[in-house]
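Chemist: Contents of coords.pdb (PDB, C-alpha atoms and all ligand atoms) are below:
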ATOM      1  CA  MET L   1      -0.393  78.577 -42.905  1.00  0.00           C
ATOM      2  CA  ARG L   2      -2.583  78.567 -45.998  1.00  0.00           C
ATOM      3  CA  GLN L   3      -6.320  78.973 -45.558  1.00  0.00           C
ATOM      4  CA  ILE L   4      -8.503  76.004 -46.506  1.00  0.00           C
ATOM      5  CA  LEU L   5     -10.773  76.724 -49.489  1.00  0.00           C
ATOM      6  CA  VAL L   6     -13.755  74.545 -50.345  1.00  0.00           C
ATOM      7  CA  ALA L   7     -15.292  75.309 -53.740  1.00  0.00           C
ATOM      8  CA  GLY L   8     -18.435  73.681 -55.117  1.00  0.00           C
ATOM      9  CA  ASN L   9     -18.503  73.000 -58.850  1.00  0.00           C
ATOM     10  CA  TRP L  10     -22.180  72.460 -59.617  1.00  0.00           C
ATOM     11  CA  LYS L  11     -21.443  71.456 -63.227  1.00  0.00           C
ATOM     12  CA  LEU L  12     -24.552  71.158 -65.429  1.00  0.00           C
ATOM     13  CA  ASN L  13     -27.037  70.786 -62.574  1.00  0.00           C
ATOM     14  CA  GLY L  14     -29.839  72.772 -61.016  1.00  0.00           C
ATOM     15  CA  SER L  15     -33.050  74.650 -61.670  1.00  0.00           C
ATOM     16  CA  LEU L  16     -34.313  77.984 -60.427  1.00  0.00           C
ATOM     17  CA  ASP L  17     -35.955  76.276 -57.456  1.00  0.00           C
ATOM     18  CA  SER L  18     -33.122  73.910 -56.585  1.00  0.00           C
ATOM     19  CA  VAL L  19     -30.523  76.671 -56.805  1.00  0.00           C
ATOM     20  CA  LYS L  20     -32.470  78.886 -54.381  1.00  0.00           C
ATOM     21  CA  GLN L  21     -32.866  75.949 -52.023  1.00  0.00           C
ATOM     22  CA  LEU L  22     -29.216  74.982 -52.210  1.00  0.00           C
ATOM     23  CA  VAL L  23     -27.946  78.508 -51.560  1.00  0.00           C
ATOM     24  CA  SER L  24     -30.334  79.020 -48.692  1.00  0.00           C
ATOM     25  CA  GLY L  25     -29.227  75.695 -47.177  1.00  0.00           C
ATOM     26  CA  ILE L  26     -25.562  76.659 -47.475  1.00  0.00           C
ATOM     27  CA  LEU L  27     -26.144  80.097 -45.982  1.00  0.00           C
ATOM     28  CA  GLY L  28     -28.066  78.480 -43.122  1.00  0.00           C
ATOM     29  CA  GLY L  29     -24.978  76.550 -42.030  1.00  0.00           C
ATOM     30  CA  VAL L  30     -22.177  78.848 -43.002  1.00  0.00           C
ATOM     31  CA  ASP L  31     -21.681  80.204 -39.475  1.00  0.00           C
ATOM     32  CA  ASP L  32     -20.418  76.792 -38.387  1.00  0.00           C
ATOM     33  CA  THR L  33     -17.660  76.624 -40.989  1.00  0.00           C
ATOM     34  CA  GLY L  34     -15.085  78.590 -39.008  1.00  0.00           C
ATOM     35  CA  ASN L  35     -12.147  79.896 -40.936  1.00  0.00           C
ATOM     36  CA  THR L  36     -12.761  77.813 -44.075  1.00  0.00           C
ATOM     37  CA  ALA L  37     -13.109  79.922 -47.217  1.00  0.00           C
ATOM     38  CA  ILE L  38     -16.068  78.822 -49.334  1.00  0.00           C
ATOM     39  CA  ALA L  39     -17.020  79.365 -52.966  1.00  0.00           C
ATOM     40  CA  VAL L  40     -19.775  78.070 -55.240  1.00  0.00           C
ATOM     41  CA  CYS L  41     -19.596  77.833 -59.027  1.00  0.00           C
ATOM     42  CA  PRO L  42     -23.088  77.652 -60.524  1.00  0.00           C
ATOM     43  CA  PRO L  43     -23.948  77.322 -64.217  1.00  0.00           C
ATOM     44  CA  PHE L  44     -23.605  80.735 -65.900  1.00  0.00           C
ATOM     45  CA  VAL L  45     -27.334  81.491 -66.102  1.00  0.00           C
ATOM     46  CA  TYR L  46     -27.764  81.235 -62.334  1.00  0.00           C
ATOM     47  CA  ILE L  47     -24.830  83.504 -61.533  1.00  0.00           C
ATOM     48  CA  PRO L  48     -26.900  86.737 -61.268  1.00  0.00           C
ATOM     49  CA  LEU L  49     -29.379  85.039 -58.926  1.00  0.00           C
ATOM     50  CA  VAL L  50     -26.708  83.427 -56.756  1.00  0.00           C
ATOM     51  CA  SER L  51     -24.744  86.668 -56.719  1.00  0.00           C
ATOM     52  CA  ASN L  52     -27.750  88.443 -55.178  1.00  0.00           C
ATOM     53  CA  LEU L  53     -28.397  85.669 -52.691  1.00  0.00           C
ATOM     54  CA  LEU L  54     -24.791  85.699 -51.474  1.00  0.00           C
ATOM     55  CA  VAL L  55     -24.613  89.444 -50.751  1.00  0.00           C
ATOM     56  CA  GLY L  56     -23.337  89.985 -47.210  1.00  0.00           C
ATOM     57  CA  SER L  57     -22.214  86.375 -46.731  1.00  0.00           C
ATOM     58  CA  LYS L  58     -18.688  84.988 -46.693  1.00  0.00           C
ATOM     59  CA  VAL L  59     -19.467  82.620 -49.566  1.00  0.00           C
ATOM     60  CA  LYS L  60     -17.708  83.697 -52.751  1.00  0.00           C
ATOM     61  CA  LEU L  61     -18.931  83.187 -56.272  1.00  0.00           C
ATOM     62  CA  GLY L  62     -17.101  81.530 -59.144  1.00  0.00           C
ATOM     63  CA  SER L  63     -17.785  80.472 -62.718  1.00  0.00           C
ATOM     64  CA  GLN L  64     -17.121  77.040 -64.186  1.00  0.00           C
ATOM     65  CA  ASP L  65     -15.386  78.442 -67.242  1.00  0.00           C
ATOM     66  CA  VAL L  66     -14.496  81.777 -68.839  1.00  0.00           C
ATOM     67  CA  SER L  67     -13.892  82.901 -72.401  1.00  0.00           C
ATOM     68  CA  ASP L  68     -10.353  83.531 -73.550  1.00  0.00           C
ATOM     69  CA  GLN L  69     -11.808  86.613 -75.283  1.00  0.00           C
ATOM     70  CA  GLU L  70     -12.958  89.862 -73.717  1.00  0.00           C
ATOM     71  CA  SER L  71     -15.680  90.891 -76.185  1.00  0.00           C
ATOM     72  CA  GLY L  72     -16.688  90.715 -79.814  1.00  0.00           C
ATOM     73  CA  ALA L  73     -18.014  88.192 -82.294  1.00  0.00           C
ATOM     74  CA  PHE L  74     -17.654  85.051 -80.192  1.00  0.00           C
ATOM     75  CA  THR L  75     -21.126  83.521 -80.140  1.00  0.00           C
ATOM     76  CA  GLY L  76     -21.971  81.675 -76.964  1.00  0.00           C
ATOM     77  CA  GLU L  77     -19.027  82.924 -74.914  1.00  0.00           C
ATOM     78  CA  ILE L  78     -19.067  84.592 -71.479  1.00  0.00           C
ATOM     79  CA  SER L  79     -16.198  86.943 -70.693  1.00  0.00           C
ATOM     80  CA  GLY L  80     -14.315  87.683 -67.511  1.00  0.00           C
ATOM     81  CA  PRO L  81     -15.556  91.296 -67.303  1.00  0.00           C
ATOM     82  CA  MET L  82     -19.162  90.036 -67.554  1.00  0.00           C
ATOM     83  CA  LEU L  83     -18.510  87.721 -64.634  1.00  0.00           C
ATOM     84  CA  LYS L  84     -16.952  90.577 -62.665  1.00  0.00           C
ATOM     85  CA  ASP L  85     -20.180  92.538 -63.241  1.00  0.00           C
ATOM     86  CA  PHE L  86     -21.897  89.907 -61.114  1.00  0.00           C
ATOM     87  CA  SER L  87     -19.267  89.889 -58.383  1.00  0.00           C
ATOM     88  CA  CYS L  88     -17.572  86.653 -59.348  1.00  0.00           C
ATOM     89  CA  SER L  89     -14.271  86.149 -57.547  1.00  0.00           C
ATOM     90  CA  TYR L  90     -13.119  82.891 -59.144  1.00  0.00           C
ATOM     91  CA  ALA L  91     -13.200  81.214 -62.553  1.00  0.00           C
ATOM     92  CA  ILE L  92     -12.457  77.519 -63.015  1.00  0.00           C
ATOM     93  CA  VAL L  93     -10.255  76.921 -66.054  1.00  0.00           C
ATOM     94  CA  GLY L  94      -9.061  73.684 -67.600  1.00  0.00           C
ATOM     95  CA  HIS L  95     -11.494  71.360 -65.858  1.00  0.00           C
ATOM     96  CA  SER L  96     -10.901  67.844 -67.171  1.00  0.00           C
ATOM     97  CA  GLU L  97     -14.435  67.766 -68.579  1.00  0.00           C
ATOM     98  CA  ARG L  98     -13.628  70.851 -70.686  1.00  0.00           C
ATOM     99  CA  ARG L  99     -10.325  69.301 -71.729  1.00  0.00           C
ATOM    100  CA  ALA L 100     -11.782  65.890 -72.609  1.00  0.00           C
ATOM    101  CA  LEU L 101     -15.289  66.667 -73.876  1.00  0.00           C
ATOM    102  CA  TYR L 102     -14.720  70.074 -75.492  1.00  0.00           C
ATOM    103  CA  ALA L 103     -11.161  69.538 -76.719  1.00  0.00           C
ATOM    104  CA  GLU L 104      -9.683  72.416 -74.701  1.00  0.00           C
ATOM    105  CA  ASN L 105      -5.925  71.918 -74.810  1.00  0.00           C
ATOM    106  CA  ASP L 106      -3.179  73.238 -72.546  1.00  0.00           C
ATOM    107  CA  GLU L 107      -2.555  76.400 -74.613  1.00  0.00           C
ATOM    108  CA  PHE L 108      -6.237  77.313 -74.805  1.00  0.00           C
ATOM    109  CA  THR L 109      -6.562  76.731 -71.073  1.00  0.00           C
ATOM    110  CA  ALA L 110      -3.568  79.001 -70.503  1.00  0.00           C
ATOM    111  CA  ARG L 111      -5.270  81.757 -72.514  1.00  0.00           C
ATOM    112  CA  LYS L 112      -8.407  81.383 -70.397  1.00  0.00           C
ATOM    113  CA  PHE L 113      -6.249  81.594 -67.288  1.00  0.00           C
ATOM    114  CA  ALA L 114      -4.737  84.826 -68.639  1.00  0.00           C
ATOM    115  CA  ALA L 115      -8.155  86.240 -69.520  1.00  0.00           C
ATOM    116  CA  ALA L 116      -9.464  85.538 -66.030  1.00  0.00           C
ATOM    117  CA  ARG L 117      -6.474  87.134 -64.360  1.00  0.00           C
ATOM    118  CA  SER L 118      -6.458  90.198 -66.557  1.00  0.00           C
ATOM    119  CA  CYS L 119      -9.864  91.259 -65.240  1.00  0.00           C
ATOM    120  CA  GLY L 120      -9.159  90.414 -61.607  1.00  0.00           C
ATOM    121  CA  LEU L 121     -10.775  86.987 -61.412  1.00  0.00           C
ATOM    122  CA  ILE L 122      -8.824  84.339 -59.517  1.00  0.00           C
ATOM    123  CA  PRO L 123      -8.364  81.381 -61.852  1.00  0.00           C
ATOM    124  CA  ILE L 124      -8.851  77.922 -60.368  1.00  0.00           C
ATOM    125  CA  LEU L 125      -6.583  75.963 -62.705  1.00  0.00           C
ATOM    126  CA  CYS L 126      -7.427  72.265 -62.850  1.00  0.00           C
ATOM    127  CA  VAL L 127      -4.776  69.682 -63.626  1.00  0.00           C
ATOM    128  CA  GLY L 128      -4.805  65.903 -63.416  1.00  0.00           C
ATOM    129  CA  GLU L 129      -4.103  62.647 -65.152  1.00  0.00           C
ATOM    130  CA  THR L 130      -6.362  59.982 -66.630  1.00  0.00           C
ATOM    131  CA  LEU L 131      -6.319  56.399 -65.346  1.00  0.00           C
ATOM    132  CA  GLU L 132      -4.355  55.367 -68.419  1.00  0.00           C
ATOM    133  CA  GLU L 133      -1.741  58.032 -67.724  1.00  0.00           C
ATOM    134  CA  ARG L 134      -1.475  57.024 -64.067  1.00  0.00           C
ATOM    135  CA  GLU L 135      -1.029  53.384 -65.001  1.00  0.00           C
ATOM    136  CA  ALA L 136       1.620  54.362 -67.518  1.00  0.00           C
ATOM    137  CA  GLY L 137       3.504  56.104 -64.687  1.00  0.00           C
ATOM    138  CA  ILE L 138       3.334  59.560 -66.281  1.00  0.00           C
ATOM    139  CA  THR L 139       1.160  61.407 -63.737  1.00  0.00           C
ATOM    140  CA  GLU L 140       3.899  63.911 -62.871  1.00  0.00           C
ATOM    141  CA  GLN L 141       4.760  64.520 -66.526  1.00  0.00           C
ATOM    142  CA  VAL L 142       1.119  65.239 -67.374  1.00  0.00           C
ATOM    143  CA  VAL L 143       0.585  67.588 -64.461  1.00  0.00           C
ATOM    144  CA  ALA L 144       3.886  69.359 -65.173  1.00  0.00           C
ATOM    145  CA  ARG L 145       2.936  69.826 -68.827  1.00  0.00           C
ATOM    146  CA  GLN L 146      -0.452  71.293 -67.871  1.00  0.00           C
ATOM    147  CA  LEU L 147       1.204  73.722 -65.443  1.00  0.00           C
ATOM    148  CA  ASP L 148       4.014  74.635 -67.803  1.00  0.00           C
ATOM    149  CA  ALA L 149       1.602  75.868 -70.480  1.00  0.00           C
ATOM    150  CA  VAL L 150       0.321  78.483 -68.022  1.00  0.00           C
ATOM    151  CA  ILE L 151       3.738  79.356 -66.617  1.00  0.00           C
ATOM    152  CA  GLU L 152       5.113  79.855 -70.138  1.00  0.00           C
ATOM    153  CA  LEU L 153       2.313  82.239 -71.070  1.00  0.00           C
ATOM    154  CA  GLU L 154       1.845  84.110 -67.804  1.00  0.00           C
ATOM    155  CA  GLY L 155       5.020  83.610 -65.798  1.00  0.00           C
ATOM    156  CA  ILE L 156       5.516  81.900 -62.446  1.00  0.00           C
ATOM    157  CA  ALA L 157       4.335  84.922 -60.417  1.00  0.00           C
ATOM    158  CA  ALA L 158       0.874  84.513 -61.954  1.00  0.00           C
ATOM    159  CA  ILE L 159       0.507  81.144 -60.242  1.00  0.00           C
ATOM    160  CA  GLY L 160       0.782  82.986 -56.939  1.00  0.00           C
ATOM    161  CA  ASP L 161      -2.394  84.897 -57.794  1.00  0.00           C
ATOM    162  CA  ALA L 162      -4.284  81.722 -58.669  1.00  0.00           C
ATOM    163  CA  VAL L 163      -5.627  78.572 -57.078  1.00  0.00           C
ATOM    164  CA  LEU L 164      -4.610  75.149 -58.368  1.00  0.00           C
ATOM    165  CA  ALA L 165      -6.819  72.081 -58.267  1.00  0.00           C
ATOM    166  CA  TYR L 166      -5.407  68.592 -58.649  1.00  0.00           C
ATOM    167  CA  GLU L 167      -8.228  66.444 -59.960  1.00  0.00           C
ATOM    168  CA  PRO L 168      -7.234  62.948 -61.062  1.00  0.00           C
ATOM    169  CA  VAL L 169      -9.683  62.179 -63.858  1.00  0.00           C
ATOM    170  CA  TRP L 170     -10.191  58.625 -62.596  1.00  0.00           C
ATOM    171  CA  ALA L 171     -11.486  59.967 -59.273  1.00  0.00           C
ATOM    172  CA  ILE L 172     -14.053  62.400 -60.682  1.00  0.00           C
ATOM    173  CA  GLY L 173     -17.646  61.303 -60.229  1.00  0.00           C
ATOM    174  CA  THR L 174     -16.546  57.698 -59.798  1.00  0.00           C
ATOM    175  CA  GLY L 175     -16.710  57.389 -56.023  1.00  0.00           C
ATOM    176  CA  LYS L 176     -13.009  56.384 -56.213  1.00  0.00           C
ATOM    177  CA  THR L 177     -11.217  59.015 -54.163  1.00  0.00           C
ATOM    178  CA  ALA L 178      -7.452  59.190 -54.351  1.00  0.00           C
ATOM    179  CA  THR L 179      -6.076  58.126 -50.989  1.00  0.00           C
ATOM    180  CA  PRO L 180      -4.837  61.063 -48.923  1.00  0.00           C
ATOM    181  CA  GLN L 181      -1.275  59.880 -49.565  1.00  0.00           C
ATOM    182  CA  GLN L 182      -1.801  59.521 -53.337  1.00  0.00           C
ATOM    183  CA  ALA L 183      -3.196  63.049 -53.467  1.00  0.00           C
ATOM    184  CA  GLN L 184      -0.508  64.428 -51.149  1.00  0.00           C
ATOM    185  CA  ASP L 185       2.231  62.920 -53.344  1.00  0.00           C
ATOM    186  CA  VAL L 186       1.013  64.813 -56.414  1.00  0.00           C
ATOM    187  CA  HIS L 187       0.360  68.007 -54.432  1.00  0.00           C
ATOM    188  CA  ALA L 188       3.898  67.827 -53.045  1.00  0.00           C
ATOM    189  CA  PHE L 189       5.249  67.281 -56.553  1.00  0.00           C
ATOM    190  CA  ILE L 190       3.362  70.382 -57.779  1.00  0.00           C
ATOM    191  CA  ARG L 191       4.556  72.503 -54.874  1.00  0.00           C
ATOM    192  CA  GLY L 192       8.107  71.250 -55.307  1.00  0.00           C
ATOM    193  CA  LYS L 193       8.063  72.077 -58.991  1.00  0.00           C
ATOM    194  CA  LEU L 194       6.823  75.604 -58.242  1.00  0.00           C
ATOM    195  CA  ALA L 195       9.415  75.995 -55.472  1.00  0.00           C
ATOM    196  CA  GLY L 196      12.118  75.315 -58.038  1.00  0.00           C
ATOM    197  CA  LEU L 197      10.956  78.444 -59.852  1.00  0.00           C
ATOM    198  CA  ASP L 198       9.796  80.662 -56.984  1.00  0.00           C
ATOM    199  CA  GLN L 199       9.699  79.567 -53.343  1.00  0.00           C
ATOM    200  CA  ALA L 200       7.299  82.336 -52.280  1.00  0.00           C
ATOM    201  CA  VAL L 201       4.768  81.336 -54.931  1.00  0.00           C
ATOM    202  CA  ALA L 202       5.040  77.689 -53.888  1.00  0.00           C
ATOM    203  CA  ASP L 203       4.480  78.579 -50.224  1.00  0.00           C
ATOM    204  CA  LYS L 204       1.509  80.800 -50.987  1.00  0.00           C
ATOM    205  CA  VAL L 205      -0.568  78.995 -53.605  1.00  0.00           C
ATOM    206  CA  GLN L 206      -3.577  76.990 -52.453  1.00  0.00           C
ATOM    207  CA  ILE L 207      -3.676  73.544 -54.065  1.00  0.00           C
ATOM    208  CA  LEU L 208      -7.126  71.958 -53.838  1.00  0.00           C
ATOM    209  CA  TYR L 209      -7.885  68.288 -54.315  1.00  0.00           C
ATOM    210  CA  GLY L 210     -10.918  67.251 -56.367  1.00  0.00           C
ATOM    211  CA  GLY L 211     -12.410  63.853 -57.073  1.00  0.00           C
ATOM    212  CA  SER L 212     -15.142  62.167 -55.032  1.00  0.00           C
ATOM    213  CA  VAL L 213     -14.578  64.306 -51.938  1.00  0.00           C
ATOM    214  CA  LYS L 214     -17.299  63.690 -49.335  1.00  0.00           C
ATOM    215  CA  GLY L 215     -17.993  64.648 -45.750  1.00  0.00           C
ATOM    216  CA  SER L 216     -16.570  61.282 -44.711  1.00  0.00           C
ATOM    217  CA  ASN L 217     -13.160  61.644 -46.387  1.00  0.00           C
ATOM    218  CA  ALA L 218     -12.592  65.418 -46.472  1.00  0.00           C
ATOM    219  CA  ALA L 219     -10.921  65.787 -43.065  1.00  0.00           C
ATOM    220  CA  GLU L 220      -8.173  63.252 -43.778  1.00  0.00           C
ATOM    221  CA  LEU L 221      -7.498  64.792 -47.193  1.00  0.00           C
ATOM    222  CA  PHE L 222      -7.376  68.341 -45.812  1.00  0.00           C
ATOM    223  CA  ALA L 223      -5.043  67.204 -43.023  1.00  0.00           C
ATOM    224  CA  MET L 224      -2.281  66.497 -45.554  1.00  0.00           C
ATOM    225  CA  SER L 225       0.384  69.171 -45.537  1.00  0.00           C
ATOM    226  CA  ASP L 226       0.079  70.185 -49.205  1.00  0.00           C
ATOM    227  CA  ILE L 227      -3.708  69.866 -49.574  1.00  0.00           C
ATOM    228  CA  ASP L 228      -5.386  73.222 -48.989  1.00  0.00           C
ATOM    229  CA  GLY L 229      -9.008  72.340 -49.555  1.00  0.00           C
ATOM    230  CA  GLY L 230     -11.225  70.780 -52.166  1.00  0.00           C
ATOM    231  CA  LEU L 231     -13.023  71.292 -55.444  1.00  0.00           C
ATOM    232  CA  ILE L 232     -16.269  69.438 -54.958  1.00  0.00           C
ATOM    233  CA  GLY L 233     -18.622  68.127 -57.629  1.00  0.00           C
ATOM    234  CA  GLY L 234     -21.460  65.778 -56.660  1.00  0.00           C
ATOM    235  CA  ALA L 235     -21.319  66.474 -52.925  1.00  0.00           C
ATOM    236  CA  SER L 236     -21.664  70.232 -53.516  1.00  0.00           C
ATOM    237  CA  LEU L 237     -25.240  69.796 -54.751  1.00  0.00           C
ATOM    238  CA  GLN L 238     -26.691  69.062 -51.302  1.00  0.00           C
ATOM    239  CA  ALA L 239     -26.247  71.781 -48.699  1.00  0.00           C
ATOM    240  CA  ASP L 240     -25.692  69.352 -45.813  1.00  0.00           C
ATOM    241  CA  ASP L 241     -23.079  67.341 -47.697  1.00  0.00           C
ATOM    242  CA  PHE L 242     -21.278  70.485 -48.837  1.00  0.00           C
ATOM    243  CA  LEU L 243     -21.344  72.029 -45.367  1.00  0.00           C
ATOM    244  CA  ALA L 244     -19.946  68.829 -43.846  1.00  0.00           C
ATOM    245  CA  ILE L 245     -16.949  69.174 -46.190  1.00  0.00           C
ATOM    246  CA  CYS L 246     -16.573  72.865 -45.317  1.00  0.00           C
ATOM    247  CA  MET L 247     -16.583  71.973 -41.628  1.00  0.00           C
ATOM    248  CA  ALA L 248     -13.882  69.373 -42.207  1.00  0.00           C
ATOM    249  CA  GLY L 249     -11.610  72.290 -43.035  1.00  0.00           C
ATOM    250  CA  ASN L 250     -11.666  73.481 -39.414  1.00  0.00           C
TER
HETATM  251  P1  LIG E 301     -16.895  64.839 -57.941  1.00  0.00           P
HETATM  252  O1  LIG E 301     -16.737  65.473 -56.581  1.00  0.00           O
HETATM  253  O2  LIG E 301     -18.329  64.634 -58.328  1.00  0.00           O
HETATM  254  O3  LIG E 301     -16.049  63.621 -58.098  1.00  0.00           O
HETATM  255  O4  LIG E 301     -16.345  65.907 -59.008  1.00  0.00           O
HETATM  256  C1  LIG E 301     -15.108  66.497 -58.807  1.00  0.00           C
HETATM  257  C2  LIG E 301     -14.948  67.609 -59.772  1.00  0.00           C
HETATM  258  O5  LIG E 301     -14.842  67.385 -60.976  1.00  0.00           O
HETATM  259  C3  LIG E 301     -14.951  68.981 -59.254  1.00  0.00           C
HETATM  260  O6  LIG E 301     -14.557  69.888 -60.217  1.00  0.00           O
END
Would you mind writing the file's structure down as structure tokens?
Ligand code: 13P

Modeler:
Amino acid sequence: MRQILVAGNWKLNGSLDSVKQLVSGILGGVDDTGNTAIAVCPPFVYIPLVSNLLVGSKVKLGSQDVSDQESGAFTGEISGPMLKDFSCSYAIVGHSERRALYAENDEFTARKFAAARSCGLIPILCVGETLEEREAGITEQVVARQLDAVIELEGIAAIGDAVLAYEPVWAIGTGKTATPQQAQDVHAFIRGKLAGLDQAVADKVQILYGGSVKGSNAAELFAMSDIDGGLIGGASLQADDFLAICMAGN
């Protein structure tokens, strides 16, 4: 039985005050979240603050991105070892906003995945199709291609050390959640594809769903056999909303 993981991706949101308030709200309710594993991914500049606030709690810290480079002349980048210095456990890689808005392709994403892993961060690898791709009937091809880039670079065993997140682009920030069955179908496809390469990896890896997850729809999504939690955007910015999703994992 895989543990449910609920991770909040705060994206480009927050201020010093709102971040303190949000973390304190989450910590106030964390005792009611049972066995659900929880992580928050603040903007880089708030990571030191959030890292301090989370000391002694079960809430883990993650970044929204990570450089493919470890150090050197790479202006503006943040490396995996820097994130480890602040007790980050996870690093999101290949979020659809990075892919679409910052032209990060499959190979670049795979290098970020490798960089995260090489310093002991757990990559949260995002995959997912656009509406156009879904309507063209190529969802599985797109997701397979995104996974294959990482498997080719790092090998199938590396997926066992990571978390996957299926985030259909058309469901992100739109209020249009995939139905539990639509999400389950793609999760099952992903797990089946991995099983063809390594059954133990397929059985072990947590596959999160992301895209307009809310307190009101989380329980039915998490009840699906191949959905092991959620990657939450908008609803992770309010402690009560985020905690309601965490509790749905029980
Ligand atoms: P929303 O929950 O706002 O749809 O965002 C999902 C997401 O992109 C998480 O990474």

Chemist: Give the residue list for ligand LIG 301 (chain E) at 7 Å, counting only C-alpha atoms and all ligand atoms, as a PyMOL selection string, sorted by chain and then by residue number.

Modeler: chain L and resi 9+95+167+171-175+210-213+231-235

Chemist: Restricting the calculation to all atoms listed in the file, which member of L:Asp226, L:Glu154, L:Asp240, L:Glu135 is positioned closest to Met1 of chain L?

Modeler: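 Closest residue, counting all atoms listed in the file: L:Asp226.
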
Chemist: Pick from L:Asn250, L:Gln184, L:Gln64, L:Gln238: nearest to Gly25 of chain L, with only C-alpha atoms counted?

Modeler: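 Of L:Asn250, L:Gln184, L:Gln64, L:Gln238, the one nearest Gly25 of chain L is L:Gln238, counting only C-alpha atoms.
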
Chemist: If you apply the PyMOL selection byres (((chain L and resi 147) around 12) and not hetatm) to this file, what residues do you get, as JSON, numbers by chain?

Modeler: {"L": [93, 94, 105, 106, 107, 109, 110, 113, 125, 126, 127, 128, 140, 141, 142, 143, 144, 145, 146, 148, 149, 150, 151, 152, 153, 154, 155, 156, 158, 159, 162, 163, 164, 165, 166, 189, 190, 191, 193, 194]}

Chemist: Selection from above, C-alpha atoms, as a PDB file, in the coordinates of the input, can you write it?

Modeler:
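What follows is the written file part_33.pdb:
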ATOM      1  CA  VAL L  93     -10.255  76.921 -66.054  1.00  0.00           C
ATOM      2  CA  GLY L  94      -9.061  73.684 -67.600  1.00  0.00           C
ATOM      3  CA  ASN L 105      -5.925  71.918 -74.810  1.00  0.00           C
ATOM      4  CA  ASP L 106      -3.179  73.238 -72.546  1.00  0.00           C
ATOM      5  CA  GLU L 107      -2.555  76.400 -74.613  1.00  0.00           C
ATOM      6  CA  THR L 109      -6.562  76.731 -71.073  1.00  0.00           C
ATOM      7  CA  ALA L 110      -3.568  79.001 -70.503  1.00  0.00           C
ATOM      8  CA  PHE L 113      -6.249  81.594 -67.288  1.00  0.00           C
ATOM      9  CA  LEU L 125      -6.583  75.963 -62.705  1.00  0.00           C
ATOM     10  CA  CYS L 126      -7.427  72.265 -62.850  1.00  0.00           C
ATOM     11  CA  VAL L 127      -4.776  69.682 -63.626  1.00  0.00           C
ATOM     12  CA  GLY L 128      -4.805  65.903 -63.416  1.00  0.00           C
ATOM     13  CA  GLU L 140       3.899  63.911 -62.871  1.00  0.00           C
ATOM     14  CA  GLN L 141       4.760  64.520 -66.526  1.00  0.00           C
ATOM     15  CA  VAL L 142       1.119  65.239 -67.374  1.00  0.00           C
ATOM     16  CA  VAL L 143       0.585  67.588 -64.461  1.00  0.00           C
ATOM     17  CA  ALA L 144       3.886  69.359 -65.173  1.00  0.00           C
ATOM     18  CA  ARG L 145       2.936  69.826 -68.827  1.00  0.00           C
ATOM     19  CA  GLN L 146      -0.452  71.293 -67.871  1.00  0.00           C
ATOM     20  CA  ASP L 148       4.014  74.635 -67.803  1.00  0.00           C
ATOM     21  CA  ALA L 149       1.602  75.868 -70.480  1.00  0.00           C
ATOM     22  CA  VAL L 150       0.321  78.483 -68.022  1.00  0.00           C
ATOM     23  CA  ILE L 151       3.738  79.356 -66.617  1.00  0.00           C
ATOM     24  CA  GLU L 152       5.113  79.855 -70.138  1.00  0.00           C
ATOM     25  CA  LEU L 153       2.313  82.239 -71.070  1.00  0.00           C
ATOM     26  CA  GLU L 154       1.845  84.110 -67.804  1.00  0.00           C
ATOM     27  CA  GLY L 155       5.020  83.610 -65.798  1.00  0.00           C
ATOM     28  CA  ILE L 156       5.516  81.900 -62.446  1.00  0.00           C
ATOM     29  CA  ALA L 158       0.874  84.513 -61.954  1.00  0.00           C
ATOM     30  CA  ILE L 159       0.507  81.144 -60.242  1.00  0.00           C
ATOM     31  CA  ALA L 162      -4.284  81.722 -58.669  1.00  0.00           C
ATOM     32  CA  VAL L 163      -5.627  78.572 -57.078  1.00  0.00           C
ATOM     33  CA  LEU L 164      -4.610  75.149 -58.368  1.00  0.00           C
ATOM     34  CA  ALA L 165      -6.819  72.081 -58.267  1.00  0.00           C
ATOM     35  CA  TYR L 166      -5.407  68.592 -58.649  1.00  0.00           C
ATOM     36  CA  PHE L 189       5.249  67.281 -56.553  1.00  0.00           C
ATOM     37  CA  ILE L 190       3.362  70.382 -57.779  1.00  0.00           C
ATOM     38  CA  ARG L 191       4.556  72.503 -54.874  1.00  0.00           C
ATOM     39  CA  LYS L 193       8.063  72.077 -58.991  1.00  0.00           C
ATOM     40  CA  LEU L 194       6.823  75.604 -58.242  1.00  0.00           C
TER      41      LEU L 194
END

Chemist: For the file shown, report as a PyMOL selection string the outcome of the PyMOL selection byres (((chain L and resi 50) around 12) and not hetatm) at residue level.

Modeler: chain L and resi 14-24+26-27+39-49+51-55+57+59-63+86-88

Chemist: If we count all atoms listed in the file, what is near segment 68-79 of chain L at a cut-off of 6 Å, once residues fewer than 5 positions away on the same chain are taken out, given as a count of residues only?

Modeler: 3
